[in-house]
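Worksheet: one structure, shown below.
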Amino acid sequence: IYKDSSKSKLTSYFKHSVDSTLAQFSSEVRSNLMMILNGGALGSQHDDVKSKTLFLFMIHFSFGKMLIDLGIIPTALLGRGIGEVAALV
């Protein structure tokens, strides 16, 4: 969806939401998240787990932000693990 953002208005909104979320991270974390987003591999297993957890948070948060920006205001949110954190934020 992120790479094909020019295909529809919805994917364009999602890319914008991801980009604005990525801007909140440090340059090192942002670099790792972009590597995952583009299908790349990371170095150590610790970095991999940490970055993938942050990646899941970023995707969940960005999706929720996109819905709210489109005027879809949820009455309740659910999540499990890092999804709970994204729902809370």
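Labeling convention for the structure tokens: chains A, B, ... as they appear, residues from 1 per chain, ligands from 1 in order of appearance.
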Within 10 Å of region 76-86 of chain A, which residues of region 25-70 of chain A show up? Give each one with its shortest atom-to-atom distance in Å (one decimal) and the two atoms involved, counting only C-alpha atoms, rows by chain then rising residue number, as a Markdown table.
| residue | atom | partner | partner_atom | distance |
| --- | --- | --- | --- | --- |
| A:Thr53 | CA | A:Ile82 | CA | 7.0 |
| A:Leu54 | CA | A:Ile82 | CA | 8.3 |
| A:Phe55 | CA | A:Ile82 | CA | 9.8 |
| A:Leu56 | CA | A:Ile82 | CA | 7.1 |
| A:Phe57 | CA | A:Ala86 | CA | 5.8 |
| A:Met58 | CA | A:Ala86 | CA | 7.9 |
| A:Ile59 | CA | A:Ala86 | CA | 9.0 |
| A:His60 | CA | A:Ala86 | CA | 6.0 |
| A:Phe61 | CA | A:Ala86 | CA | 5.1 |
| A:Ser62 | CA | A:Ala86 | CA | 8.9 |
| A:Phe63 | CA | A:Ala86 | CA | 9.7 |
| A:Gly64 | CA | A:Ala86 | CA | 8.2 |
| A:Lys65 | CA | A:Ala86 | CA | 9.9 |
Residues of the last selection are to be written out with N, CA, C and O atoms, as a compact mmCIF listing (two decimals), in the first residue's frame.
# COMPACT_ATOMS: atom_id res chain seq x y z
N THR A 53 8.66 -4.47 16.31
CA THR A 53 7.64 -4.05 17.26
C THR A 53 7.26 -2.60 17.00
O THR A 53 6.07 -2.25 16.96
N LEU A 54 8.26 -1.75 16.81
CA LEU A 54 8.00 -0.34 16.49
C LEU A 54 7.29 -0.21 15.14
O LEU A 54 6.42 0.64 14.96
N PHE A 55 7.65 -1.09 14.20
CA PHE A 55 7.00 -1.08 12.88
C PHE A 55 5.51 -1.39 13.01
O PHE A 55 4.68 -0.70 12.42
N LEU A 56 5.17 -2.41 13.80
CA LEU A 56 3.76 -2.75 14.01
C LEU A 56 3.02 -1.59 14.66
O LEU A 56 1.89 -1.26 14.27
N PHE A 57 3.64 -0.96 15.64
CA PHE A 57 3.02 0.20 16.27
C PHE A 57 2.78 1.29 15.24
O PHE A 57 1.70 1.88 15.16
N MET A 58 3.80 1.57 14.41
CA MET A 58 3.70 2.63 13.41
C MET A 58 2.55 2.35 12.44
O MET A 58 1.77 3.25 12.12
N ILE A 59 2.43 1.11 11.97
CA ILE A 59 1.37 0.77 11.02
C ILE A 59 -0.01 0.90 11.68
O ILE A 59 -0.92 1.50 11.11
N HIS A 60 -0.16 0.37 12.89
CA HIS A 60 -1.44 0.47 13.60
C HIS A 60 -1.80 1.93 13.85
O HIS A 60 -2.94 2.35 13.61
N PHE A 61 -0.85 2.69 14.35
CA PHE A 61 -1.09 4.09 14.67
C PHE A 61 -1.43 4.88 13.40
O PHE A 61 -2.36 5.68 13.38
N SER A 62 -0.67 4.64 12.33
CA SER A 62 -0.89 5.36 11.07
C SER A 62 -2.27 5.05 10.49
O SER A 62 -2.94 5.94 9.96
N PHE A 63 -2.67 3.79 10.57
CA PHE A 63 -3.98 3.41 10.06
C PHE A 63 -5.09 4.11 10.85
O PHE A 63 -6.03 4.66 10.27
N GLY A 64 -4.97 4.10 12.17
CA GLY A 64 -5.96 4.79 13.00
C GLY A 64 -5.99 6.28 12.74
O GLY A 64 -7.06 6.88 12.63
N LYS A 65 -4.81 6.88 12.58
CA LYS A 65 -4.72 8.31 12.29
C LYS A 65 -5.37 8.62 10.94
O LYS A 65 -6.08 9.61 10.79
Residues near region 22-25 of chain A, cut-off 9 Å, only C-alpha atoms, skip fewer than 5 positions along chain, as an MDAnalysis selection string: chainID A and resid 17 30 33:34 58
Keeping all heavy atoms for every residue in the selection just given, could you write it to a file as a PDB file, in the first residue's frame?
ATOM      1  N   SER A  17      -0.076   9.460   6.189  1.00  0.00           N
ATOM      2  CA  SER A  17      -0.169   9.152   7.610  1.00  0.00           C
ATOM      3  C   SER A  17       1.093   8.436   8.109  1.00  0.00           C
ATOM      4  O   SER A  17       1.629   8.764   9.171  1.00  0.00           O
ATOM      5  CB  SER A  17      -1.406   8.294   7.863  1.00  0.00           C
ATOM      6  OG  SER A  17      -1.559   8.033   9.231  1.00  0.00           O
ATOM      7  N   ARG A  30      13.888   5.671  12.386  1.00  0.00           N
ATOM      8  CA  ARG A  30      13.203   5.923  11.117  1.00  0.00           C
ATOM      9  C   ARG A  30      13.862   5.153   9.978  1.00  0.00           C
ATOM     10  O   ARG A  30      13.191   4.567   9.131  1.00  0.00           O
ATOM     11  CB  ARG A  30      13.190   7.427  10.826  1.00  0.00           C
ATOM     12  CG  ARG A  30      12.343   7.823   9.663  1.00  0.00           C
ATOM     13  CD  ARG A  30      12.143   9.332   9.527  1.00  0.00           C
ATOM     14  NE  ARG A  30      13.327  10.120   9.732  1.00  0.00           N
ATOM     15  CZ  ARG A  30      13.554  10.932  10.772  1.00  0.00           C
ATOM     16  NH1 ARG A  30      12.660  11.051  11.734  1.00  0.00           N
ATOM     17  NH2 ARG A  30      14.656  11.628  10.857  1.00  0.00           N
ATOM     18  N   LEU A  33      12.882   1.502  10.300  1.00  0.00           N
ATOM     19  CA  LEU A  33      11.488   1.305   9.925  1.00  0.00           C
ATOM     20  C   LEU A  33      11.305   1.396   8.415  1.00  0.00           C
ATOM     21  O   LEU A  33      10.542   0.635   7.823  1.00  0.00           O
ATOM     22  CB  LEU A  33      10.592   2.318  10.636  1.00  0.00           C
ATOM     23  CG  LEU A  33      10.524   2.177  12.162  1.00  0.00           C
ATOM     24  CD1 LEU A  33       9.697   3.293  12.767  1.00  0.00           C
ATOM     25  CD2 LEU A  33       9.975   0.824  12.556  1.00  0.00           C
ATOM     26  N   MET A  34      12.017   2.313   7.781  1.00  0.00           N
ATOM     27  CA  MET A  34      11.940   2.431   6.318  1.00  0.00           C
ATOM     28  C   MET A  34      12.517   1.189   5.652  1.00  0.00           C
ATOM     29  O   MET A  34      12.015   0.740   4.621  1.00  0.00           O
ATOM     30  CB  MET A  34      12.668   3.684   5.829  1.00  0.00           C
ATOM     31  CG  MET A  34      11.922   4.970   6.088  1.00  0.00           C
ATOM     32  SD  MET A  34      10.289   5.023   5.307  1.00  0.00           S
ATOM     33  CE  MET A  34      10.727   4.947   3.577  1.00  0.00           C
ATOM     34  N   MET A  58       3.804   1.567  14.411  1.00  0.00           N
ATOM     35  CA  MET A  58       3.699   2.626  13.410  1.00  0.00           C
ATOM     36  C   MET A  58       2.553   2.354  12.436  1.00  0.00           C
ATOM     37  O   MET A  58       1.769   3.250  12.119  1.00  0.00           O
ATOM     38  CB  MET A  58       5.005   2.771  12.638  1.00  0.00           C
ATOM     39  CG  MET A  58       4.950   3.831  11.560  1.00  0.00           C
ATOM     40  SD  MET A  58       6.265   3.670  10.346  1.00  0.00           S
ATOM     41  CE  MET A  58       5.875   2.118   9.574  1.00  0.00           C
TER      42      MET A  58
END
CA of Pro74 (chain A) to CA of Ser8 (chain A), distance in Å rounded to a single decimal: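 One can read the CA of Pro74 (chain A) to CA of Ser8 (chain A) distance as 23.0 Å.
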